[in-house]
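Peer 1: Structure in structure tokens, see below.
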Amino acid sequence: MNREEKKYAYWLCNIPGIGEKTIRLLLARFKSPGKVYTASEAELSECLNGMQLKHILEKQSDWKLQEEYEKLFEKGIGVVFYGEREYPRRLLEIPDAPYALFYKGSLPKEEVLSVAVIGARECSGYGEFVATQLGRYLGEQGIQVISGMARGIDGISQMAAMEAGGTSYGVLGSGVDVCYPKSNQRLYDRLLKQGGVLSAYVPGALPASGHFPPRNRIVSGLADALVVVEARGKSGTLITVDMALEQGKEVFVVPGRITDRLSDGCNRLLTQGAGVFLTPGDFVSQLKELAAKKGLVEDDGESKNEDEMKETVIEKRKKQNLLSISKELRPVYKQLEISPKTIEQILCKMPAGYHQGLVSAALMRLCMDGYAKQVSPGQFVLS
């Protein structure tokens, strides 16, 4: 599509009441966005209802085509349209691919594996820990993390991936120039430097409840596999899972305790045949095997050491941290896990000579140094 035709394609995306299906109908009838723009009222009425026809005629007469299109580039916003060479190949394979994809930063790389990490906005300390470890591991492995830039699991996994030196892409339910939620401004800014933000909605579009379910098909569509960390029995996360399955994507789920309502959705997915997520290393090995079978990546043929595979990311991280933690803090740090522990629970496992004040002081120091976190008064977990 040449630059002139792209202006008309952008114009088509800006007409109120004209959605993806209507755009495809118009293009099937008129063959190009430019011909839709120059079509007569009589010709357009064959494809549009009364309100749609009114909107499109208004845009024909008063829309400043050149000026509005050029504003995209002034704002650092790119756009690719369905069928263009730069359009993400993974989205071409889904049944309801967006006609236009706006982005700031960059588009996901075609030759690099991508994983969508999704889950509860109001996640638990356990969910936060798993999302952090998974995001960090994916970042270290050079695997792209795709998510919705939402609070909770989405944003946590994305930030962890980038802090580990990896890349991540956020798919928004608003225009790419609108940060939502506003509390994730730091995440938004970092995505622009280490990945990008993408949207099927025109710049300036505000978030709306009706935008998010369609947005989710792009999250799953851009991924080679999807991981659900935490989800309630009735959760928007499950909508994304349904879309991923319709697209033929592999879905993995982090199992949870049967008494934990944040794991109800996850555990139900497991009974329905979803893959079990045990450790990031195990998951990535499975992902690479699946990708090699589908021809997405070449099988390197290397066999992993069995003992290395059994060692969890958590254990590896603790070993690494113990090298940099001072000697007097190490015994306390060794007792920390991903499940909360009280000072009393830690104290009863400590060597002789430790008392409550000493353990409490050590925990405060570990929290200040970023090795531990207080999740509630008197309860601590690994950070």
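Chain labels run A, B, ... following the order of the structure tokens; each chain numbers its residues from 1, and ligands are numbered from 1 in the order shown.
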Find the nearest atom pair between each residue of range 73-188 of chain A and range 223-237 of chain A for residues within 8 Å, count only C-alpha atoms, give distances in Å to one decimal, sort rows by chain and ascending number, and present the table as a Markdown table.
Peer 2:
| residue | atom | partner | partner_atom | distance |
| --- | --- | --- | --- | --- |
| A:Arg90 | CA | A:Ala223 | CA | 7.5 |
| A:Leu113 | CA | A:Asp224 | CA | 6.6 |
| A:Ser114 | CA | A:Ala223 | CA | 4.8 |
| A:Val115 | CA | A:Ala223 | CA | 5.0 |
| A:Ala116 | CA | A:Leu226 | CA | 4.6 |
| A:Val117 | CA | A:Val227 | CA | 4.9 |
| A:Ile118 | CA | A:Val228 | CA | 5.2 |
| A:Gly119 | CA | A:Glu230 | CA | 4.8 |
| A:Ala120 | CA | A:Ala231 | CA | 5.3 |
| A:Cys123 | CA | A:Glu230 | CA | 6.9 |
| A:Gly127 | CA | A:Glu230 | CA | 6.2 |
| A:Val130 | CA | A:Val229 | CA | 7.2 |
| A:Ala131 | CA | A:Val229 | CA | 6.8 |
| A:Ile146 | CA | A:Ala223 | CA | 6.7 |
| A:Ile153 | CA | A:Val229 | CA | 7.1 |
Peer 1: Could you give me the residues within range 38-238 of chain A that DSSP places in helix (DSSP H, G or I), as number ranges by chain?
Peer 2: A: 38, 41-44, 50-62, 65-74, 89-92, 125-140, 153-163, 182-193, 209-221, 237-238
Peer 1: Which residues are close to Gly148 in chain A, i.e. within 7 Å by only C-alpha atoms, leaving aside same-chain residues fewer than 3 positions away? Reply as a ChimeraX atom specification.
Peer 2: /A:154,170-172,219
Peer 1: Can those selected residues be exported to a file as a PDB file, in the first residue's frame so that it contains C-alpha atoms?
Peer 2:
ATOM      1  CA  ASP A 154       0.176  -8.420  33.202  1.00  0.00           C
ATOM      2  CA  GLY A 170       1.661  -4.021  25.614  1.00  0.00           C
ATOM      3  CA  VAL A 171      -1.622  -4.250  23.701  1.00  0.00           C
ATOM      4  CA  LEU A 172      -3.962  -1.457  24.783  1.00  0.00           C
ATOM      5  CA  VAL A 219      -2.641 -10.354  22.935  1.00  0.00           C
TER       6      VAL A 219
END
Peer 1: Going by DSSP on the backbone, which bits of range 139-262 of chain A are strand (DSSP E)? Write them as a list of chain:residue names, please.
Peer 2: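 Answer for range 139-262 of chain A restricted to strand (DSSP E) is A:Gln144, A:Val145, A:Ile146, A:Ser147, A:Ser168, A:Tyr169, A:Gly170, A:Val171, A:Gly195, A:Gly196, A:Val197, A:Leu198, A:Ser199, A:Ala225, A:Leu226, A:Val227, A:Val228, A:Glu250, A:Val251, A:Phe252, A:Val253.
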Peer 1: Could you state the separation of CA of Ala100 in chain A and CA of Met149 in chain A in Å, given to one decimal place?
Peer 2: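 CA of Met149 in chain A lies at a distance of 19.8 Å from CA of Ala100 in chain A.
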Peer 1: Looking at A:Ser360, A:Ser32, A:Gln335, A:Asn14, which one is nearest to Tyr201 in chain A, with distances taken over only C-alpha atoms?
Peer 2: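 Closest to Tyr201 in chain A, using only C-alpha atoms: A:Asn14.
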Peer 1: Please report the interatomic distance between CA of Leu48 in chain A and CA of Ile23 in chain A in Å with one decimal.
Peer 2: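 These atoms are spaced 10.2 Å apart.
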